[in-house]
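Below is coords09.cif, which holds mmCIF, C-alpha atoms.
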```cif
data_protein
#
loop_
_atom_site.group_PDB
_atom_site.id
_atom_site.type_symbol
_atom_site.label_atom_id
_atom_site.label_comp_id
_atom_site.auth_asym_id
_atom_site.auth_seq_id
_atom_site.Cartn_x
_atom_site.Cartn_y
_atom_site.Cartn_z
ATOM 1 C CA MET S 1 17.933 -20.677 -27.379
ATOM 2 C CA LYS S 2 16.683 -18.254 -24.783
ATOM 3 C CA PRO S 3 18.895 -15.142 -24.478
ATOM 4 C CA THR S 4 20.329 -14.397 -21.084
ATOM 5 C CA PRO S 5 19.254 -11.115 -19.513
ATOM 6 C CA SER S 6 21.895 -8.400 -19.737
ATOM 7 C CA THR S 7 20.876 -6.700 -16.488
ATOM 8 C CA PRO S 8 22.193 -8.369 -13.315
ATOM 9 C CA VAL S 9 19.935 -9.318 -10.463
ATOM 10 C CA THR S 10 21.461 -6.554 -8.368
ATOM 11 C CA ALA S 11 19.979 -3.925 -10.712
ATOM 12 C CA ASP S 12 16.824 -4.126 -8.576
ATOM 13 C CA LEU S 13 18.853 -2.667 -5.698
ATOM 14 C CA LEU S 14 20.005 0.466 -7.548
ATOM 15 C CA CYS S 15 19.048 3.751 -5.905
ATOM 16 C CA ASP S 16 16.482 5.655 -7.995
ATOM 17 C CA VAL S 17 18.254 8.969 -7.289
ATOM 18 C CA CYS S 18 22.000 8.297 -7.532
ATOM 19 C CA GLY S 19 22.008 4.912 -9.279
ATOM 20 C CA GLN S 20 24.342 3.422 -6.646
ATOM 21 C CA LEU S 21 24.025 0.015 -5.072
ATOM 22 C CA PRO S 22 23.639 -0.206 -1.288
ATOM 23 C CA GLU S 23 26.819 -0.493 0.761
ATOM 24 C CA PRO S 24 27.713 -4.214 1.098
ATOM 25 C CA PRO S 25 28.538 -5.691 4.514
ATOM 26 C CA LYS S 26 32.093 -4.829 5.602
ATOM 27 C CA ALA S 27 33.115 -8.448 6.142
ATOM 28 C CA ARG S 28 32.039 -9.467 2.642
ATOM 29 C CA LEU S 29 33.739 -6.430 1.100
ATOM 30 C CA THR S 30 37.001 -7.265 2.898
ATOM 31 C CA LEU S 31 36.925 -10.886 1.767
ATOM 32 C CA ALA S 32 36.147 -9.860 -1.818
ATOM 33 C CA ASN S 33 39.073 -7.415 -1.903
ATOM 34 C CA ILE S 34 41.433 -10.025 -0.474
ATOM 35 C CA ALA S 35 40.270 -12.595 -3.029
ATOM 36 C CA VAL S 36 41.010 -10.207 -5.894
ATOM 37 C CA MET S 37 44.137 -8.498 -4.540
ATOM 38 C CA LEU S 38 46.043 -11.557 -3.283
ATOM 39 C CA PRO S 39 46.748 -13.070 -6.742
ATOM 40 C CA ILE S 40 47.773 -9.656 -8.072
ATOM 41 C CA GLU S 41 50.102 -9.019 -5.116
ATOM 42 C CA LEU S 42 51.743 -12.442 -5.531
ATOM 43 C CA LEU S 43 52.335 -11.917 -9.251
ATOM 44 C CA VAL S 44 53.776 -8.416 -8.738
ATOM 45 C CA HIS S 45 56.082 -9.565 -5.944
ATOM 46 C CA ALA S 46 57.281 -12.538 -7.963
ATOM 47 C CA ALA S 47 58.049 -10.313 -10.948
ATOM 48 C CA VAL S 48 59.841 -7.561 -8.983
ATOM 49 C CA VAL S 49 61.817 -9.803 -6.628
ATOM 50 C CA GLY S 50 63.376 -11.625 -9.596
ATOM 51 C CA THR S 51 64.919 -8.394 -10.913
ATOM 52 C CA HIS S 52 68.418 -7.104 -10.080
ATOM 53 C CA LEU S 53 67.279 -3.681 -8.869
ATOM 54 C CA PRO S 54 68.515 -2.200 -5.584
ATOM 55 C CA TYR S 55 66.529 -3.052 -2.464
ATOM 56 C CA VAL S 56 65.076 0.458 -2.086
ATOM 57 C CA ALA S 57 64.026 0.531 -5.742
ATOM 58 C CA LYS S 58 62.311 -2.855 -5.370
ATOM 59 C CA VAL S 59 60.363 -1.676 -2.327
ATOM 60 C CA LEU S 60 59.351 1.556 -4.065
ATOM 61 C CA LEU S 61 58.354 -0.266 -7.252
ATOM 62 C CA LEU S 62 56.311 -2.812 -5.302
ATOM 63 C CA ALA S 63 54.516 -0.108 -3.335
ATOM 64 C CA VAL S 64 53.646 1.997 -6.388
ATOM 65 C CA THR S 65 52.659 -0.970 -8.567
ATOM 66 C CA ALA S 66 50.556 -2.613 -5.864
ATOM 67 C CA THR S 67 48.781 0.679 -5.075
ATOM 68 C CA VAL S 68 47.927 1.360 -8.721
ATOM 69 C CA LEU S 69 46.723 -2.192 -9.324
ATOM 70 C CA VAL S 70 44.594 -2.196 -6.185
ATOM 71 C CA ILE S 71 42.948 1.147 -7.014
ATOM 72 C CA TRP S 72 42.430 0.613 -10.740
ATOM 73 C CA VAL S 73 42.070 -3.168 -11.013
ATOM 74 C CA ALA S 74 41.370 -4.999 -7.763
ATOM 75 C CA GLU S 75 38.575 -2.982 -6.171
ATOM 76 C CA PRO S 76 36.590 -2.410 -9.422
ATOM 77 C CA SER S 77 36.979 -6.087 -10.299
ATOM 78 C CA ALA S 78 35.750 -7.164 -6.879
ATOM 79 C CA ALA S 79 32.754 -4.841 -7.142
ATOM 80 C CA LYS S 80 31.893 -6.122 -10.622
ATOM 81 C CA VAL S 81 32.790 -9.810 -10.600
ATOM 82 C CA LEU S 82 31.567 -10.533 -7.074
ATOM 83 C CA ARG S 83 28.637 -8.082 -7.160
ATOM 84 C CA ARG S 84 25.965 -10.697 -6.593
ATOM 85 C CA TRP S 85 27.837 -12.255 -3.654
ATOM 86 C CA LEU S 86 28.613 -8.850 -2.118
ATOM 87 C CA HIS S 87 24.943 -7.827 -2.100
ATOM 88 C CA ALA S 88 23.486 -11.255 -1.320
ATOM 89 C CA PRO S 89 22.096 -10.137 2.103
ATOM 90 C CA ALA S 90 20.301 -7.167 0.506
ATOM 91 C CA LEU S 91 18.940 -9.406 -2.257
ATOM 92 C CA ARG S 92 17.603 -11.900 0.292
ATOM 93 C CA GLN S 93 15.948 -9.074 2.215
ATOM 94 C CA ARG S 94 14.379 -7.709 -0.987
ATOM 95 C CA ARG S 95 12.933 -11.133 -1.839
ATOM 96 C CA THR S 96 11.572 -11.392 1.709
ATOM 97 C CA LEU S 97 9.904 -7.991 1.351
ATOM 98 C CA HIS S 98 8.309 -9.054 -1.938
ATOM 99 C CA LEU S 99 6.790 -12.071 -0.191
ATOM 100 C CA ALA S 100 5.693 -10.164 2.923
ATOM 101 C CA PRO S 101 1.938 -10.158 3.585
ATOM 102 C CA ALA S 102 0.036 -7.254 2.031
ATOM 103 C CA LEU S 103 -3.152 -5.669 3.361
ATOM 104 C CA TRP S 104 -6.230 -5.289 1.169
ATOM 105 C CA ARG S 105 -9.738 -3.923 1.581
ATOM 106 C CA ALA S 106 -12.408 -5.866 -0.278
ATOM 107 C CA ARG S 107 -16.160 -5.542 -0.752
ATOM 108 C CA THR S 108 -18.525 -7.973 -2.368
ATOM 109 C CA VAL S 109 -22.283 -8.572 -2.474
ATOM 110 C CA LEU S 110 -23.433 -11.992 -1.267
ATOM 111 C CA LEU S 111 -26.772 -13.705 -0.985
ATOM 112 C CA ASP S 112 -28.307 -13.302 2.452
ATOM 113 C CA GLN S 113 -28.527 -17.005 3.165
ATOM 114 C CA PRO S 114 -26.681 -19.579 5.300
ATOM 115 C CA GLY S 115 -23.346 -20.715 3.902
ATOM 116 C CA SER S 116 -22.644 -17.659 1.711
ATOM 117 C CA LEU S 117 -19.964 -16.240 3.974
ATOM 118 C CA GLN S 118 -18.379 -19.665 4.487
ATOM 119 C CA LYS S 119 -18.124 -20.191 0.728
ATOM 120 C CA VAL S 120 -16.321 -16.918 0.072
ATOM 121 C CA THR S 121 -14.089 -17.497 3.116
ATOM 122 C CA LEU S 122 -13.001 -20.899 1.797
ATOM 123 C CA SER S 123 -12.329 -19.370 -1.621
ATOM 124 C CA LEU S 124 -10.080 -16.704 -0.077
ATOM 125 C CA ALA S 125 -8.338 -19.332 2.056
ATOM 126 C CA LYS S 126 -7.086 -21.037 -1.126
ATOM 127 C CA LEU S 127 -4.917 -17.930 -1.656
ATOM 128 C CA ASP S 128 -3.761 -18.039 1.993
ATOM 129 C CA ALA S 129 -5.680 -14.801 2.515
ATOM 130 C CA ASN S 130 -6.545 -14.160 6.147
ATOM 131 C CA ILE S 131 -9.638 -12.130 7.093
ATOM 132 C CA LEU S 132 -8.598 -9.600 9.738
ATOM 133 C CA SER S 133 -11.922 -7.778 10.040
ATOM 134 C CA LEU S 134 -15.407 -8.138 8.636
ATOM 135 C CA HIS S 135 -18.390 -5.784 8.425
ATOM 136 C CA ILE S 136 -21.735 -6.876 7.028
ATOM 137 C CA HIS S 137 -24.043 -4.232 5.530
ATOM 138 C CA PRO S 138 -27.667 -5.234 4.741
ATOM 139 C CA MET S 139 -28.839 -4.081 1.319
ATOM 140 C CA THR S 140 -32.302 -3.591 -0.116
ATOM 141 C CA GLY S 141 -33.334 -4.595 -3.591
ATOM 142 C CA THR S 142 -34.310 -1.070 -4.641
ATOM 143 C CA GLY S 143 -30.989 -0.004 -6.177
ATOM 144 C CA SER S 144 -30.487 -0.734 -9.847
ATOM 145 C CA THR S 145 -27.265 -2.617 -9.251
ATOM 146 C CA HIS S 146 -28.671 -4.745 -6.495
ATOM 147 C CA ALA S 147 -31.916 -5.247 -8.377
ATOM 148 C CA GLY S 148 -29.949 -6.716 -11.269
ATOM 149 C CA PHE S 149 -28.059 -8.945 -8.831
ATOM 150 C CA SER S 150 -31.352 -10.127 -7.297
ATOM 151 C CA ALA S 151 -32.852 -10.867 -10.701
ATOM 152 C CA GLN S 152 -29.745 -12.770 -11.762
ATOM 153 C CA THR S 153 -29.593 -14.928 -8.656
ATOM 154 C CA GLY S 154 -33.310 -15.212 -8.023
ATOM 155 C CA ALA S 155 -32.898 -13.876 -4.499
ATOM 156 C CA GLY S 156 -34.752 -10.975 -2.962
ATOM 157 C CA GLU S 157 -32.124 -9.697 -0.541
ATOM 158 C CA GLY S 158 -28.389 -9.563 -0.268
ATOM 159 C CA VAL S 159 -25.670 -8.232 1.976
ATOM 160 C CA MET S 160 -22.493 -6.352 1.226
ATOM 161 C CA ASP S 161 -19.543 -7.850 3.090
ATOM 162 C CA GLU S 162 -16.533 -5.613 3.691
ATOM 163 C CA PHE S 163 -13.227 -7.301 4.544
ATOM 164 C CA VAL S 164 -9.749 -6.281 5.576
ATOM 165 C CA LEU S 165 -7.519 -9.056 4.233
ATOM 166 C CA SER S 166 -3.913 -10.068 4.778
ATOM 167 C CA ALA S 167 -2.589 -11.941 1.744
ATOM 168 C CA PRO S 168 0.888 -13.103 0.622
ATOM 169 C CA GLY S 169 2.804 -10.427 -1.249
ATOM 170 C CA ASN S 170 2.666 -12.329 -4.543
ATOM 171 C CA VAL S 171 -1.156 -12.387 -4.584
ATOM 172 C CA THR S 172 -2.529 -9.889 -7.103
ATOM 173 C CA GLU S 173 -5.716 -7.843 -7.193
ATOM 174 C CA GLN S 174 -7.120 -9.951 -10.032
ATOM 175 C CA GLU S 175 -6.560 -13.156 -8.048
ATOM 176 C CA LEU S 176 -8.468 -11.715 -5.084
ATOM 177 C CA LEU S 177 -11.319 -10.587 -7.348
ATOM 178 C CA LYS S 178 -11.490 -14.063 -8.883
ATOM 179 C CA ALA S 179 -11.555 -15.661 -5.417
ATOM 180 C CA LEU S 180 -14.463 -13.401 -4.393
ATOM 181 C CA HIS S 181 -16.320 -14.257 -7.600
ATOM 182 C CA ASP S 182 -15.682 -17.997 -7.186
ATOM 183 C CA GLY S 183 -17.008 -17.702 -3.632
ATOM 184 C CA GLY S 184 -20.343 -16.372 -4.890
ATOM 185 C CA GLY S 185 -19.594 -12.657 -4.661
ATOM 186 C CA HIS S 186 -20.869 -10.048 -7.130
ATOM 187 C CA GLU S 187 -19.955 -6.406 -7.773
ATOM 188 C CA SER S 188 -16.628 -7.056 -6.015
ATOM 189 C CA HIS S 189 -14.002 -4.367 -5.442
ATOM 190 C CA VAL S 190 -10.484 -4.674 -4.008
ATOM 191 C CA TRP S 191 -8.061 -1.916 -2.925
ATOM 192 C CA PRO S 192 -4.583 -1.983 -1.354
ATOM 193 C CA THR S 193 -4.695 -0.557 2.164
ATOM 194 C CA THR S 194 -2.565 -0.019 5.251
ATOM 195 C CA ALA S 195 -2.747 -0.920 8.920
ATOM 196 C CA LEU S 196 -4.882 2.226 9.430
ATOM 197 C CA ALA S 197 -7.782 0.211 8.021
ATOM 198 C CA MET S 198 -7.687 -1.779 11.265
ATOM 199 C CA ALA S 199 -8.320 1.337 13.362
ATOM 200 C CA ASP S 200 -11.521 1.338 15.372
ATOM 201 C CA GLY S 201 -14.018 3.250 13.213
ATOM 202 C CA GLN S 202 -16.402 3.816 16.128
ATOM 203 C CA THR S 203 -13.698 5.450 18.251
ATOM 204 C CA LYS S 204 -12.677 7.693 15.365
ATOM 205 C CA ALA S 205 -16.314 8.681 14.764
ATOM 206 C CA LEU S 206 -16.776 9.570 18.446
ATOM 207 C CA SER S 207 -13.621 11.702 18.437
ATOM 208 C CA LEU S 208 -14.837 13.605 15.382
ATOM 209 C CA ALA S 209 -18.290 13.968 16.952
ATOM 210 C CA ALA S 210 -16.651 15.708 19.908
ATOM 211 C CA ARG S 211 -14.891 18.005 17.446
ATOM 212 C CA VAL S 212 -18.175 18.851 15.718
ATOM 213 C CA ALA S 213 -19.836 19.409 19.093
ATOM 214 C CA GLY S 214 -17.227 22.044 19.878
ATOM 215 C CA ASN S 215 -17.716 23.779 16.523
ATOM 216 C CA PRO S 216 -20.530 22.697 14.155
ATOM 217 C CA GLN S 217 -18.819 24.553 11.286
ATOM 218 C CA GLU S 218 -16.138 21.831 11.393
ATOM 219 C CA LEU S 219 -18.653 19.364 9.915
ATOM 220 C CA PRO S 220 -17.286 19.260 6.319
ATOM 221 C CA MET S 221 -13.689 18.705 7.472
ATOM 222 C CA ALA S 222 -14.760 16.155 10.082
ATOM 223 C CA VAL S 223 -16.765 14.091 7.593
ATOM 224 C CA ALA S 224 -13.936 14.259 5.037
ATOM 225 C CA GLU S 225 -11.513 12.980 7.679
ATOM 226 C CA LEU S 226 -13.938 10.291 8.804
ATOM 227 C CA LEU S 227 -14.412 8.954 5.275
ATOM 228 C CA SER S 228 -10.917 9.722 3.927
ATOM 229 C CA ALA S 229 -12.714 11.597 1.161
ATOM 230 C CA LYS S 230 -12.608 14.987 -0.550
ATOM 231 C CA VAL S 231 -15.238 17.715 -0.249
ATOM 232 C CA VAL S 232 -16.761 18.485 -3.660
ATOM 233 C CA ALA S 233 -17.143 22.239 -4.117
ATOM 234 C CA THR S 234 -20.610 23.294 -5.328
ATOM 235 C CA ASP S 235 -21.822 26.529 -6.868
ATOM 236 C CA PRO S 236 -24.728 27.904 -4.793
ATOM 237 C CA GLU S 237 -26.216 29.627 -7.852
ATOM 238 C CA GLY S 238 -25.617 26.779 -10.259
ATOM 239 C CA PRO S 239 -27.360 23.402 -10.568
ATOM 240 C CA ALA S 240 -26.393 20.697 -8.124
ATOM 241 C CA PRO S 241 -24.093 17.976 -9.447
ATOM 242 C CA GLY S 242 -25.738 14.792 -10.588
ATOM 243 C CA VAL S 243 -25.247 12.777 -7.421
ATOM 244 C CA THR S 244 -27.460 10.585 -5.325
ATOM 245 C CA THR S 245 -27.707 9.929 -1.621
ATOM 246 C CA GLY S 246 -27.869 6.193 -2.141
ATOM 247 C CA VAL S 247 -24.963 3.944 -1.241
ATOM 248 C CA GLY S 248 -24.096 0.796 -3.137
ATOM 249 C CA PRO S 249 -21.184 -1.203 -4.487
ATOM 250 C CA SER S 250 -20.484 1.363 -7.230
ATOM 251 C CA THR S 251 -21.303 4.634 -5.434
ATOM 252 C CA ASP S 252 -18.207 6.777 -4.838
ATOM 253 C CA ILE S 253 -20.153 10.042 -4.381
ATOM 254 C CA LEU S 254 -21.954 10.788 -1.110
ATOM 255 C CA LYS S 255 -24.424 13.643 -0.581
ATOM 256 C CA ILE S 256 -25.346 14.714 2.955
ATOM 257 C CA PRO S 257 -28.192 17.237 3.376
ATOM 258 C CA THR S 258 -27.708 20.035 5.912
ATOM 259 C CA ALA S 259 -30.122 22.742 6.987
ATOM 260 C CA TRP S 260 -27.888 25.797 7.259
ATOM 261 C CA HIS S 261 -25.606 25.891 4.212
ATOM 262 C CA GLY S 262 -26.969 23.396 1.705
ATOM 263 C CA PRO S 263 -25.960 19.807 1.025
ATOM 264 C CA LEU S 264 -22.413 18.579 1.464
ATOM 265 C CA ILE S 265 -21.005 16.371 -1.290
ATOM 266 C CA PHE S 266 -18.037 14.073 -0.808
ATOM 267 C CA SER S 267 -16.049 12.132 -3.376
ATOM 268 C CA ARG S 268 -13.794 9.094 -3.018
ATOM 269 C CA PRO S 269 -13.042 7.841 -6.551
ATOM 270 C CA GLY S 270 -12.401 4.155 -6.878
ATOM 271 C CA GLU S 271 -13.549 3.314 -3.344
ATOM 272 C CA PRO S 272 -17.326 3.283 -2.870
ATOM 273 C CA PHE S 273 -18.883 4.415 0.391
ATOM 274 C CA SER S 274 -20.354 1.674 2.536
ATOM 275 C CA PRO S 275 -23.789 1.974 4.229
ATOM 276 C CA ALA S 276 -22.079 2.172 7.629
ATOM 277 C CA GLU S 277 -19.890 5.078 6.486
ATOM 278 C CA SER S 278 -22.926 6.884 5.076
ATOM 279 C CA ALA S 279 -24.837 6.403 8.326
ATOM 280 C CA ARG S 280 -21.966 7.778 10.427
ATOM 281 C CA ALA S 281 -21.641 10.834 8.177
ATOM 282 C CA HIS S 282 -25.395 11.546 8.365
ATOM 283 C CA ARG S 283 -25.336 11.249 12.161
ATOM 284 C CA LEU S 284 -22.504 13.776 12.331
ATOM 285 C CA ALA S 285 -24.544 16.137 10.149
ATOM 286 C CA GLU S 286 -27.563 15.725 12.437
ATOM 287 C CA LEU S 287 -25.396 16.457 15.478
ATOM 288 C CA ALA S 288 -23.998 19.617 13.885
ATOM 289 C CA GLU S 289 -27.496 20.795 12.927
ATOM 290 C CA ILE S 290 -28.875 20.235 16.433
ATOM 291 C CA LEU S 291 -25.989 22.131 18.001
ATOM 292 C CA ALA S 292 -26.101 24.933 15.427
ATOM 293 C CA TYR S 293 -29.781 25.597 16.151
ATOM 294 C CA SER S 294 -29.671 25.001 19.896
ATOM 295 C CA PRO S 295 -30.836 27.925 22.114
ATOM 296 C CA ALA S 296 -27.297 28.513 23.430
ATOM 297 C CA ALA S 297 -25.857 28.742 19.937
ATOM 298 C CA THR S 298 -28.657 31.062 18.797
ATOM 299 C CA GLU S 299 -28.140 33.437 21.755
ATOM 300 C CA GLY S 300 -24.386 33.397 21.190
ATOM 301 C CA SER S 301 -24.815 34.446 17.551
ATOM 302 C CA ARG S 302 -27.148 37.294 18.534
ATOM 303 C CA GLY S 303 -24.717 38.532 21.181
#
```
When written as structure tokens, how does the structure in this file appear?
Amino acid sequence: MKPTPSTPVTADLLCDVCGQLPEPPKARLTLANIAVMLPIELLVHAAVVGTHLPYVAKVLLLAVTATVLVIWVAEPSAAKVLRRWLHAPALRQRRTLHLAPALWRARTVLLDQPGSLQKVTLSLAKLDANILSLHIHPMTGTGSTHAGFSAQTGAGEGVMDEFVLSAPGNVTEQELLKALHDGGGHESHVWPTTALAMADGQTKALSLAARVAGNPQELPMAVAELLSAKVVATDPEGPAPGVTTGVGPSTDILKIPTAWHGPLIFSRPGEPFSPAESARAHRLAELAEILAYSPAATEGSRG
């Protein structure tokens, strides 16, 4: 026999700070109090009216008894016995939130051949996942990861597809990874994301380019903001960290060479940099270098 859970369903609604349940709707609270208090009031009145006490004593006894029973019995009983009914609207809203669509970012390497994208799209559609945006990044077979993928599939070239997906709230990361794999994807990665992922990357890059144009020294902060990454501090006198400038499905370190204060290194653990992101960061670095060594900037530094 399966034991019944001791915690009520409403335990999910408890506040993490004070442990209190949310305030129930006023109409439901009123009906619950009436349902609990009415039988008690009837019993008390029936018991007191049948006595031979004076009228004033009966009224006083009824008032005191009813007040005590309401405070100590009726209201706590209503809150406990009818808890699930009292908080039914909040429970329905919580279940709706659990089933609300969630946003995900996904990357996977596909064969560069007709039908590859359609296959992975159909696989995602089985989970009711909707593709909101898609970027395709060509990849060469020189990287070790991609070389292994090419040898495994017998293909010479592949592409890395980057998606922003909207999926039902009950779809898990593992289910999305399995759908990408079943659709022919390799080296797949999935991350939860927000609506900011739908922002126009080109517009953001242009805005940061204008910022770098105004002050080339803003380059590290601009690139970090562009990539949502952290700047890795390096010791000028020590050896450079073991990073590469290549970008692939498993590369979460990006190194950008600069001419005036050494290379800049950026880290974004768990979320590899895409070729498009690397290209934008390198173009920003080139812009900063051109402006830093322009004749106007040189004369300004001498003055």
### Residue neighbourhood His282 (chain S), 12 Å, only C-alpha atoms, exclusion window fewer than 3 positions, as a list in words
Ala205, Ala209, Leu219, Pro220, Ala222, Val223, Leu226, Leu227, Thr245, Leu254, Lys255, Ile256, Pro257, Thr258, Pro263, Leu264, Ile265, Pro275, Ala276, Glu277, Ser278, Ala279, Ala285, Glu286, Leu287, Ala288 and Glu289 of chain S
#### Entry: Residue IDs satisfying the PyMOL selection byres ((chain S and resi 116-132) around 7), as a PyMOL selection string
chain S and resi 110-111+113-115+133+163-168+179-180+182-184
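Residues matched by the PyMOL selection byres ((chain S and resi 229) around 6) in this structure: S:Ala224, S:Leu227, S:Ser228, S:Lys230, S:Ser267, S:Arg268.
Residue nearest Val212 (chain S), chosen from S:Ala102, S:Ala292, S:Ala88, S:Met160 and counting all atoms listed in the file: S:Ala292.
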Any chance you could resolve the PyMOL selection byres ((chain S and resi 44-47) around 12) against this file and give the residues as a compact mmCIF listing (two decimals) with C-alpha atoms, keeping the file's coordinate frame?
```txt
# COMPACT_ATOMS: atom_id res chain seq x y z
CA MET S 37 44.14 -8.50 -4.54
CA LEU S 38 46.04 -11.56 -3.28
CA PRO S 39 46.75 -13.07 -6.74
CA ILE S 40 47.77 -9.66 -8.07
CA GLU S 41 50.10 -9.02 -5.12
CA LEU S 42 51.74 -12.44 -5.53
CA LEU S 43 52.34 -11.92 -9.25
CA VAL S 48 59.84 -7.56 -8.98
CA VAL S 49 61.82 -9.80 -6.63
CA GLY S 50 63.38 -11.62 -9.60
CA THR S 51 64.92 -8.39 -10.91
CA HIS S 52 68.42 -7.10 -10.08
CA LEU S 53 67.28 -3.68 -8.87
CA LYS S 58 62.31 -2.86 -5.37
CA VAL S 59 60.36 -1.68 -2.33
CA LEU S 60 59.35 1.56 -4.07
CA LEU S 61 58.35 -0.27 -7.25
CA LEU S 62 56.31 -2.81 -5.30
CA ALA S 63 54.52 -0.11 -3.34
CA VAL S 64 53.65 2.00 -6.39
CA THR S 65 52.66 -0.97 -8.57
CA ALA S 66 50.56 -2.61 -5.86
CA THR S 67 48.78 0.68 -5.08
CA VAL S 68 47.93 1.36 -8.72
CA LEU S 69 46.72 -2.19 -9.32
CA VAL S 70 44.59 -2.20 -6.18
```
Quick one: what's the axis-aligned box for region 227-231 of chain S, all listed atoms, 3 Å on every side, centre and edges in Å to one decimal, as JSON?
```
{"center_x": -13.1, "center_y": 13.3, "center_z": 2.4, "size_x": 10.3, "size_y": 14.8, "size_z": 11.8}
```
### Task
Have a look at S:Gly158, S:Asn170, S:Trp85, S:Arg107 and name the one nearest to His135 (chain S); count only C-alpha atoms.
S:Arg107
### Message
I'd like the interatomic distance between CA of Ala106 (chain S) and CA of Pro192 (chain S), to a tenth of an Å.
### Response
8.8 Å
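One distance worth recording is that between CA of Asp161 (chain S) and CA of Leu134 (chain S), which is 6.9 Å.
The two atoms in question, CA of Arg83 (chain S) and CA of Ile71 (chain S), are spaced 17.0 Å apart.
Closest to Ala27 (chain S) among S:His87, S:His137, S:Arg211, S:Lys80 is S:His87, based on all atoms listed in the file.
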### Task
Return the single residue from S:Ala210, S:Ala32, S:Phe273, S:Leu13 that is closest to Leu91 (chain S), with distances computed using only C-alpha atoms.
S:Leu13
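Of the residues under consideration (S:Leu86, S:Ala213, S:Val232, S:Val159), S:Leu86 shows the shortest atom-to-atom contact distance to Thr30 (chain S) when counting all atoms listed in the file.
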